[in-house]
Amino acid sequence: MKRLLAHPLFQRWRVVSRAAVATSLAGFALTAILFGVARQMEGEGARAEFEQRTAVRMAAVTRAFDDAVRDLRALNLLFAANGGTITRASFDAFARPLAARNAYLLALEYQRFITHAQRPAFEAAQRRLWPDYALRERLPSGTLVTAGVRARYLVTDYVAPISGNGDAFGYDAWSGAEERATTERAIDSGAPTATPVLHLLQGDGALRGVLLIMPVYRAGAVLADVRARRAAALGTTLAVLDAGMLVGSSLEDARLLSGGDGLVLHGRDMRGARVAVFSHPAPQPTLAAWERWLGGGADTLMRSFEVGGMRWELTALRPPRTLDSQVGSLSILGYGCVLTLAAAALVQQRSVRTRRIESLVERRSADLARAAGALRLHQRAIESAANPILLISATRPGYPIEYANPACERLLGYGPGELLGRPLAVLARPGSDEPGLEELRQALRARRKGHALVRQATRDERELVSEVYIAPVNNEQGLTEHFVVTTYDVTVAKRYEAELAHRARYDTLTGLANRALLADRIERAIAAAGSLPVWAVALDIDHFKLVNDTLGRRLGDEALRALATRIAAALRQTDTAARAGGDDFMLVLTGCSDERQAAGRLQAVREAIAEPLQVDGHTLVFGSSAGVAGYPADGQDPETLVKHAEVAMYRAKQTGRNAVQFYAPHMNAHATDRLALEGALRGALREDQFELHFQPQVELGSGRVVGTEALIRWRHPQFGTVRPERFIALAEETGLIVPIGAWVLRAACRQNVHWQRAGLGQLRIGVNLSARQFSEPDLVQTVRQVLDETGLPPDSLEIELTESMMMADIEAAIETMRCLKTMGVKLSIDDFGTGYSSLSYLRRLPVDVLKIDRSFVRDIAGSADGAAMVGAIISLAHGLRKQVIAEGVETLAQLDYLRGCGCDEVQGHIFSRPEPVHAVERLLRQGRAEPVPLQA
């Protein structure tokens with residue numbers, strides 16, 4: 001101890017100054033504060049990241065549940081669109097693709113209500129398809145047994161897919177308390193409702209999941225209150241979900257199970273207890289006690305959401321943070337302690353006055369050693385820097401380069417030492433006079449710091465965009481002897497910035513302006529137009545969708561690029577071409593004083609579009625429809641001009657396409673009317689606003705009424721009676737013609753069965769099919785289903801087709817017609833003679849009847865050629881062993897001529913206009929029809 005006390009170091013430091021103590025305390029206090037703040041910020045950052053990850057996973061899970069609810073709604077809408085009744089084949093065709101899309105969607109089912117009185121007949125009907133079929137229920141043990149006697153059953157009738165779901169077929173859902181309670185809530189609310197977590201029939205009863213249930217009501221029922229909904233319920237549609245697989249697959253598909261967090265999804269069983277349906281444990285790192293203290297404990301978040309009234313809880317667990325996530329705070333702690341000790345030592349050193357010379361020598365020596373090491377370190381750091389660094393002379397003309405680090409030589413393409421002695425200007429682009437260069441020159445002249453963005457030239461003449469910083473280096477007298485020049489290469493960043501700016505204003509496929517730039521171009525054109533108008537043109541490529549549908553999206557994109565090039569080439573430089581989306585383009589024409597000049601310039605564009613286009617060995621020819629609106633007459637701002645141009649373009653398409661329309665105010669009213677009509681049409685079928693009128697068909701030889709043609713009428717509560725020519729084409733465009741046509745077919749067949757059973761004879765009913773219906777792949781199945789449901793004999797149904805719809809794909813049309821003929825349905829060609837079929841095709845078409853168009857019948861009396869044409873059609877039809885019906889017969893002269901030519905049947909106003917059921921039924925009961933010619 002005495003030797004230790006006598007040691008020179010102890011003697012030197014035996015008295016600690018108050019300043020050193022104060023410095024130590026202040027340094028440690030500041031270090032502790034900074035460490036605490038940094039640790040809190042790291043914890044908050046980790047918490048924020050954890051909450052963000054949990055929110056993303058929550059969104060993925062809820063989106064998967066929403067997709068299941070959406071699939072259930074789609075299946076339910078299928079029943080609603082078909083009056084609550086569809087066939088098993090239609091159900092399978094619709095539900096099987098939905099069930100196959102997601103593995104967690106175990107089954108889509110349809111459950112129907114039957115009474116105990118209906119049970120024997122129902123089971124007998126099902127046994128014709130499944131011999132061992134019987135209604136079943138599930139015991140508490142999970143065993144399926146024959147269902148007991150109850151007043152009412154809710155039977156699983158349709159299941160898709162059947163594979164793996166056999167136990168569900170014939171299951172009485174009314175026997176289970178959980179399903180029954182949920183079903184009653186669904187019927188009362190009319191909305192998708194979820195069961196608690198329960199054991200599913202699938203997987204031998206070991207699988208836990210939930211059922212989404214949505215009721216199917218009787219068509220036309222008024223669902224004003226709970227009692228009405230219960231009375232109108234026909235059954236339910238059902239989606240069977242494996243909740244654990246739903247969560248796991250949705251998170252796995254989105255790659256959200258990685259990251260080290262744990263996840264648990266809880267639902268509720270029938271008793272309200274929490275049930276875990278999915279669990280993904282979090283890895284637990286092995287940490288010492290002090291590491292757990294520094295990093296904090298595990299963190300937990302719980303988020304809840306509802307699906308169909310069922311509450312779910314998603315719990316996320318973040319394990320304790322490891323030390324590698326706390327580098328910042330630990331660095332602050334370490335550096336703070338070191339700096340505090342160093343500062344305290346320095347203060348203590350300055351406080352020690354003894355042995356000043358020895359201490360000064362020792363300290364100077366240490367300082368020199370540290371300075372030499374720091375100098376070597378600085379030099380290595382500059383040479384290792386990734387960014388170019390130059391040292392230039394401030395006292396010699398031209399600011400010659402005295403040092404260039406390797407990064408500078410590498411970036412600019414020079415070898416080691418090649419830049420030394422060269423003037424700084426060698427690094428600028430030759431002949432450049434950028435504002436940034438002038439800023440740097442002024443900084444050099446003023447001996448101050450400077451910063452600018454400039455373009456540099458490399459040795460191999462590549463162009464770089466760089467941020468250049470200049471800082472003066474002064475000597476001990478304060479005079480600037482050198483400048484340090486630091487360069488940051490931002491070429492790639494500027495290129496990305498320019499590309500993003502270009503994409504924000506230009507279409508990525510065609511290179512034309514997009515809608516954002518279009519508005520700016522219109523505003524500029526209006527500002528520069530003076531007294532001349534500015535013309536906005538909406539241009540649509542006619543029938544371009546066929547290219548995508550037949551040749552594919554890739555060739556469609558190539559064709560769009562080629563058309564965009566033609567359009568741009570046909571315009572003047574002062575004009576603008578923009579792509580509005582799809583095959584729609586917008587043009588801005590300037591310098592045209594009137595509509596004639598604008599139409600002439602637009603015609604040049606349309607002629608360029610119409611030139612044959614070669615794409616990947618295919619020759620394509622396009623037409624175009626255009627609408628034109630002019631400033632200031634048709635709009636004072638870009639938005640109004642574009643809107644009115646599009647209204648005029650839609651008008652051009654409605655009048656036959658391949659045309660140009662200039663905007664007129666009545667077009668806007670027409671477009672608004674069409675939009676209102678489309679909205680009303682979508683609800684017309686659901687609200688039972690359609691009705692059928694019937695026009696009798698009379699046999700000329702006997703005068704008997706042998707059939708009727710069903711014609712649809714629409715009675716809207718606000719619009720009144722809407723004529724078919726107003727809404728049929730709209731229904732074709734929107735696709736609503738398919739469910740409307742199915743309703744017409746079913747209602748017509750049902751009415752004809754009623755007449756036949758009332759003793760009015762074996763009447764034939766004629767139903768028109770649209771081109772859209774005829775192209776549906778399940779047309780034959782739909783007709784067969786309607787005949788089975790209504791009980792109408794197939795030979796009492798006559799389906800009327802037009803020549804044009806068959807000529808679109810003659811081979812497919814003939815095959816469809818043969819399938820219908822095999823069923824026994826009669827076929828007729830409506831409006832014969834107005835289409836473009838050839839006699840060779842007519843010979844191959846398996847039709848029974850040709851219907852002469854009313855335009856030919858109208859010309860019988862006043863035109864010898866018209867009369868000869870009618871006689872020729874009748875002779876041709878009889879020669880091909882087909883019947884002939886003449887439409888639109890209104891006068892006795894027409895009737896006598898048709899009788900003389902041997903026409904088989906007629907229909908027209910001379911016997912009866914299309915009438916409602918009650919009016920035409922009086923004529924049917926008479927059996928014969930007497931001609932009543934129209935009054936002049």
# chains A, B, ... in the order shown; residues from 1 in each chain; ligands from 1

$ select_by_dssp --residues "segment 821-906 of chain A" --states "strand (DSSP E or B)" --output "PyMOL selection string"
chain A and resi 826-832+849-852+883-887+905-906

$ residues_around --residues "Ala103 of chain A" --least-positions-apart "6" --cutoff "9 Å" --atoms "only C-alpha atoms" --output "VMD selection string"
chain A and resid 242 245 to 246 249

$ write_last_selection --atoms "N, CA and C atoms" --output "PDB file, in the first residue's frame"
ATOM      1  N   ASP A 242     -63.205 -22.485 -43.537  1.00  0.00           N
ATOM      2  CA  ASP A 242     -62.194 -22.938 -42.594  1.00  0.00           C
ATOM      3  C   ASP A 242     -61.461 -21.688 -42.126  1.00  0.00           C
ATOM      4  N   MET A 245     -57.611 -21.777 -41.964  1.00  0.00           N
ATOM      5  CA  MET A 245     -56.975 -21.775 -43.289  1.00  0.00           C
ATOM      6  C   MET A 245     -57.137 -20.414 -43.951  1.00  0.00           C
ATOM      7  N   LEU A 246     -58.298 -19.743 -43.725  1.00  0.00           N
ATOM      8  CA  LEU A 246     -58.518 -18.421 -44.317  1.00  0.00           C
ATOM      9  C   LEU A 246     -57.444 -17.439 -43.852  1.00  0.00           C
ATOM     10  N   SER A 249     -53.779 -18.778 -45.096  1.00  0.00           N
ATOM     11  CA  SER A 249     -53.498 -18.646 -46.534  1.00  0.00           C
ATOM     12  C   SER A 249     -53.438 -17.193 -46.961  1.00  0.00           C
TER      13      SER A 249
END

$ residues_around --residues "Val226 of chain A" --least-positions-apart "4" --cutoff "10 Å" --atoms "only C-alpha atoms" --output "PyMOL selection string"
chain A and resi 185+187-190+230-232

$ closest_residue --among "A:Asn76, A:Ser279, A:Thr146, A:Asn548" --to "Leu238 of chain A" --atoms "only C-alpha atoms"
A:Asn76

$ residues_around --residues "segment 316-320 of chain A" --least-positions-apart "4" --cutoff "6 Å" --atoms "only C-alpha atoms" --output "MDAnalysis selection string"
chainID A and resid 261:263 297:301

$ write_last_selection --atoms "C-alpha atoms" --output "tab-separated table (two decimals), in the first residue's frame"
chain	number	residue	atom	x	y	z
A	261	ASP	CA	-44.27	-11.59	-34.71
A	262	GLY	CA	-46.77	-14.03	-33.27
A	263	LEU	CA	-50.43	-14.02	-34.36
A	297	GLY	CA	-40.43	-6.96	-22.58
A	298	ALA	CA	-42.66	-8.48	-25.24
A	299	ASP	CA	-45.37	-6.28	-26.73
A	300	THR	CA	-48.96	-7.28	-27.46
A	301	LEU	CA	-51.64	-5.71	-29.69

$ closest_residue --among "A:Leu779, A:Leu479, A:Val537, A:Leu346" --to "Ala19 of chain A" --atoms "only C-alpha atoms"
A:Leu346

$ atom_distance --atom1 "atom CA of Glu709 of chain A" --atom2 "atom CA of Val847 of chain A"
16.9 Å

$ select_by_dssp --residues "segment 486-670 of chain A" --states "helix (DSSP H, G or I)" --output "VMD selection string"
chain A and resid 491 to 505 515 to 529 545 to 551 553 to 570 595 to 610 638 to 654 665 to 670

$ write_last_selection --atoms "C-alpha atoms" --output "mmCIF file, in the first residue's frame"
data_model
loop_
_atom_site.group_PDB
_atom_site.id
_atom_site.type_symbol
_atom_site.label_atom_id
_atom_site.label_comp_id
_atom_site.auth_asym_id
_atom_site.auth_seq_id
_atom_site.Cartn_x
_atom_site.Cartn_y
_atom_site.Cartn_z
ATOM 1 C CA THR A 491 -27.528 11.318 -62.366
ATOM 2 C CA VAL A 492 -29.676 8.259 -61.599
ATOM 3 C CA ALA A 493 -31.849 10.162 -59.117
ATOM 4 C CA LYS A 494 -32.452 12.980 -61.617
ATOM 5 C CA ARG A 495 -33.229 10.440 -64.341
ATOM 6 C CA TYR A 496 -35.787 8.756 -62.084
ATOM 7 C CA GLU A 497 -37.208 12.152 -61.150
ATOM 8 C CA ALA A 498 -37.586 13.073 -64.839
ATOM 9 C CA GLU A 499 -39.152 9.702 -65.620
ATOM 10 C CA LEU A 500 -41.657 10.060 -62.784
ATOM 11 C CA ALA A 501 -42.542 13.563 -63.961
ATOM 12 C CA HIS A 502 -42.991 12.215 -67.499
ATOM 13 C CA ARG A 503 -45.200 9.336 -66.323
ATOM 14 C CA ALA A 504 -47.352 11.738 -64.337
ATOM 15 C CA ARG A 505 -48.203 13.628 -67.530
ATOM 16 C CA ARG A 515 -55.737 13.366 -68.873
ATOM 17 C CA ALA A 516 -53.708 15.467 -66.413
ATOM 18 C CA LEU A 517 -51.604 17.009 -69.192
ATOM 19 C CA LEU A 518 -54.657 17.271 -71.465
ATOM 20 C CA ALA A 519 -56.357 19.740 -69.119
ATOM 21 C CA ASP A 520 -53.191 21.868 -69.044
ATOM 22 C CA ARG A 521 -52.924 21.807 -72.865
ATOM 23 C CA ILE A 522 -56.566 22.880 -73.232
ATOM 24 C CA GLU A 523 -56.054 25.755 -70.783
ATOM 25 C CA ARG A 524 -52.930 26.877 -72.675
ATOM 26 C CA ALA A 525 -54.745 26.621 -76.007
ATOM 27 C CA ILE A 526 -57.652 28.710 -74.669
ATOM 28 C CA ALA A 527 -55.243 31.323 -73.290
ATOM 29 C CA ALA A 528 -53.404 31.589 -76.636
ATOM 30 C CA ALA A 529 -56.431 31.300 -78.921
ATOM 31 C CA LYS A 545 -62.545 -4.682 -78.019
ATOM 32 C CA LEU A 546 -62.740 -7.436 -80.634
ATOM 33 C CA VAL A 547 -58.976 -7.182 -81.150
ATOM 34 C CA ASN A 548 -58.272 -7.805 -77.458
ATOM 35 C CA ASP A 549 -60.860 -10.581 -77.281
ATOM 36 C CA THR A 550 -59.633 -12.422 -80.396
ATOM 37 C CA LEU A 551 -55.912 -11.633 -80.769
ATOM 38 C CA ARG A 553 -54.018 -8.013 -75.016
ATOM 39 C CA ARG A 554 -50.395 -7.906 -76.258
ATOM 40 C CA LEU A 555 -51.370 -7.448 -79.925
ATOM 41 C CA GLY A 556 -54.058 -5.000 -78.830
ATOM 42 C CA ASP A 557 -51.408 -2.870 -77.112
ATOM 43 C CA GLU A 558 -49.221 -2.961 -80.249
ATOM 44 C CA ALA A 559 -52.166 -1.837 -82.353
ATOM 45 C CA LEU A 560 -52.909 1.014 -79.907
ATOM 46 C CA ARG A 561 -49.286 2.210 -80.085
ATOM 47 C CA ALA A 562 -49.381 2.168 -83.886
ATOM 48 C CA LEU A 563 -52.706 4.037 -83.964
ATOM 49 C CA ALA A 564 -51.384 6.619 -81.488
ATOM 50 C CA THR A 565 -48.374 7.216 -83.766
ATOM 51 C CA ARG A 566 -50.686 7.737 -86.756
ATOM 52 C CA ILE A 567 -52.910 10.131 -84.837
ATOM 53 C CA ALA A 568 -49.959 12.226 -83.631
ATOM 54 C CA ALA A 569 -48.452 12.308 -87.145
ATOM 55 C CA ALA A 570 -51.736 13.529 -88.646
ATOM 56 C CA GLU A 595 -66.604 23.747 -87.784
ATOM 57 C CA ARG A 596 -65.723 23.097 -91.428
ATOM 58 C CA GLN A 597 -61.993 23.570 -90.826
ATOM 59 C CA ALA A 598 -62.115 21.503 -87.606
ATOM 60 C CA ALA A 599 -63.971 18.714 -89.453
ATOM 61 C CA GLY A 600 -61.373 18.784 -92.240
ATOM 62 C CA ARG A 601 -58.463 18.403 -89.857
ATOM 63 C CA LEU A 602 -60.319 15.680 -87.935
ATOM 64 C CA GLN A 603 -61.029 13.859 -91.196
ATOM 65 C CA ALA A 604 -57.287 13.654 -91.863
ATOM 66 C CA VAL A 605 -56.860 11.907 -88.504
ATOM 67 C CA ARG A 606 -59.738 9.491 -89.202
ATOM 68 C CA GLU A 607 -58.315 8.659 -92.636
ATOM 69 C CA ALA A 608 -54.949 7.873 -91.033
ATOM 70 C CA ILE A 609 -56.717 5.535 -88.581
ATOM 71 C CA ALA A 610 -58.635 3.836 -91.409
ATOM 72 C CA PRO A 638 -61.377 22.006 -69.979
ATOM 73 C CA GLU A 639 -63.606 19.736 -67.898
ATOM 74 C CA THR A 640 -66.801 20.938 -69.600
ATOM 75 C CA LEU A 641 -65.256 20.779 -73.077
ATOM 76 C CA VAL A 642 -64.073 17.189 -72.568
ATOM 77 C CA LYS A 643 -67.410 16.142 -71.118
ATOM 78 C CA HIS A 644 -69.400 17.626 -74.005
ATOM 79 C CA ALA A 645 -67.008 16.131 -76.581
ATOM 80 C CA GLU A 646 -67.548 12.699 -75.027
ATOM 81 C CA VAL A 647 -71.326 13.206 -75.053
ATOM 82 C CA ALA A 648 -71.151 13.997 -78.776
ATOM 83 C CA MET A 649 -68.925 10.941 -79.355
ATOM 84 C CA TYR A 650 -71.433 8.653 -77.624
ATOM 85 C CA ARG A 651 -74.092 10.158 -79.872
ATOM 86 C CA ALA A 652 -71.969 9.308 -82.927
ATOM 87 C CA LYS A 653 -71.677 5.716 -81.721
ATOM 88 C CA GLN A 654 -75.415 5.447 -81.142
ATOM 89 C CA PRO A 665 -77.222 20.954 -76.015
ATOM 90 C CA HIS A 666 -79.915 18.344 -76.600
ATOM 91 C CA MET A 667 -77.250 15.623 -76.606
ATOM 92 C CA ASN A 668 -76.517 16.283 -72.946
ATOM 93 C CA ALA A 669 -80.171 15.841 -72.131
ATOM 94 C CA HIS A 670 -80.189 12.643 -74.189
#

$ residues_around --residues "segment 894-903 of chain A" --least-positions-apart "6" --cutoff "9 Å" --atoms "only C-alpha atoms" --output "ChimeraX atom specification"
/A:699-701,857-861,867,870-871,874-875,883-886,910,931

$ write_last_selection --atoms "N, CA and C atoms" --output "mmCIF file, in the first residue's frame"
data_model
loop_
_atom_site.group_PDB
_atom_site.id
_atom_site.type_symbol
_atom_site.label_atom_id
_atom_site.label_comp_id
_atom_site.auth_asym_id
_atom_site.auth_seq_id
_atom_site.Cartn_x
_atom_site.Cartn_y
_atom_site.Cartn_z
ATOM 1 N N GLU A 699 -103.914 -19.182 -88.848
ATOM 2 C CA GLU A 699 -103.735 -20.087 -89.990
ATOM 3 C C GLU A 699 -104.674 -19.640 -91.111
ATOM 4 N N LEU A 700 -104.111 -19.338 -92.301
ATOM 5 C CA LEU A 700 -104.921 -18.782 -93.377
ATOM 6 C C LEU A 700 -105.962 -19.765 -93.887
ATOM 7 N N GLY A 701 -105.622 -21.047 -93.945
ATOM 8 C CA GLY A 701 -106.552 -22.019 -94.513
ATOM 9 C C GLY A 701 -107.812 -22.173 -93.710
ATOM 10 N N VAL A 857 -94.196 -7.152 -96.745
ATOM 11 C CA VAL A 857 -95.663 -7.245 -96.780
ATOM 12 C C VAL A 857 -96.276 -5.886 -97.078
ATOM 13 N N ARG A 858 -95.695 -4.800 -96.568
ATOM 14 C CA ARG A 858 -96.225 -3.462 -96.790
ATOM 15 C C ARG A 858 -96.180 -3.071 -98.268
ATOM 16 N N ASP A 859 -95.196 -3.610 -99.033
ATOM 17 C CA ASP A 859 -95.039 -3.246 -100.439
ATOM 18 C C ASP A 859 -95.860 -4.109 -101.389
ATOM 19 N N ILE A 860 -96.653 -5.052 -100.869
ATOM 20 C CA ILE A 860 -97.409 -5.964 -101.755
ATOM 21 C C ILE A 860 -98.357 -5.191 -102.661
ATOM 22 N N ALA A 861 -99.156 -4.286 -102.079
ATOM 23 C CA ALA A 861 -100.204 -3.617 -102.862
ATOM 24 C C ALA A 861 -99.624 -2.562 -103.804
ATOM 25 N N ALA A 867 -94.378 -7.417 -104.354
ATOM 26 C CA ALA A 867 -95.251 -8.580 -104.378
ATOM 27 C C ALA A 867 -94.518 -9.807 -104.903
ATOM 28 N N VAL A 870 -92.319 -11.286 -102.188
ATOM 29 C CA VAL A 870 -93.056 -12.087 -101.223
ATOM 30 C C VAL A 870 -93.398 -13.451 -101.797
ATOM 31 N N GLY A 871 -93.853 -13.473 -103.059
ATOM 32 C CA GLY A 871 -94.172 -14.761 -103.689
ATOM 33 C C GLY A 871 -92.946 -15.645 -103.793
ATOM 34 N N ILE A 874 -92.144 -17.204 -100.365
ATOM 35 C CA ILE A 874 -93.070 -18.293 -100.029
ATOM 36 C C ILE A 874 -92.727 -19.546 -100.822
ATOM 37 N N SER A 875 -92.443 -19.391 -102.102
ATOM 38 C CA SER A 875 -92.086 -20.553 -102.934
ATOM 39 C C SER A 875 -90.781 -21.179 -102.449
ATOM 40 N N GLN A 883 -92.476 -23.856 -93.183
ATOM 41 C CA GLN A 883 -93.674 -23.040 -93.105
ATOM 42 C C GLN A 883 -93.330 -21.565 -93.287
ATOM 43 N N VAL A 884 -94.375 -20.766 -93.638
ATOM 44 C CA VAL A 884 -94.177 -19.340 -93.842
ATOM 45 C C VAL A 884 -95.214 -18.579 -93.009
ATOM 46 N N ILE A 885 -94.727 -17.576 -92.255
ATOM 47 C CA ILE A 885 -95.606 -16.666 -91.523
ATOM 48 C C ILE A 885 -95.300 -15.258 -92.012
ATOM 49 N N ALA A 886 -96.322 -14.520 -92.402
ATOM 50 C CA ALA A 886 -96.150 -13.132 -92.840
ATOM 51 C C ALA A 886 -96.483 -12.204 -91.677
ATOM 52 N N ILE A 910 -104.463 -6.601 -88.710
ATOM 53 C CA ILE A 910 -105.765 -6.925 -89.326
ATOM 54 C C ILE A 910 -106.545 -7.906 -88.462
ATOM 55 N N PRO A 931 -110.875 -10.995 -89.880
ATOM 56 C CA PRO A 931 -110.065 -9.818 -90.217
ATOM 57 C C PRO A 931 -110.823 -8.514 -89.987
#

$ residues_around --residues "segment 22-32 of chain A" --least-positions-apart "4" --cutoff "6 Å" --atoms "only C-alpha atoms" --output "ChimeraX atom specification"
/A:336,340,344
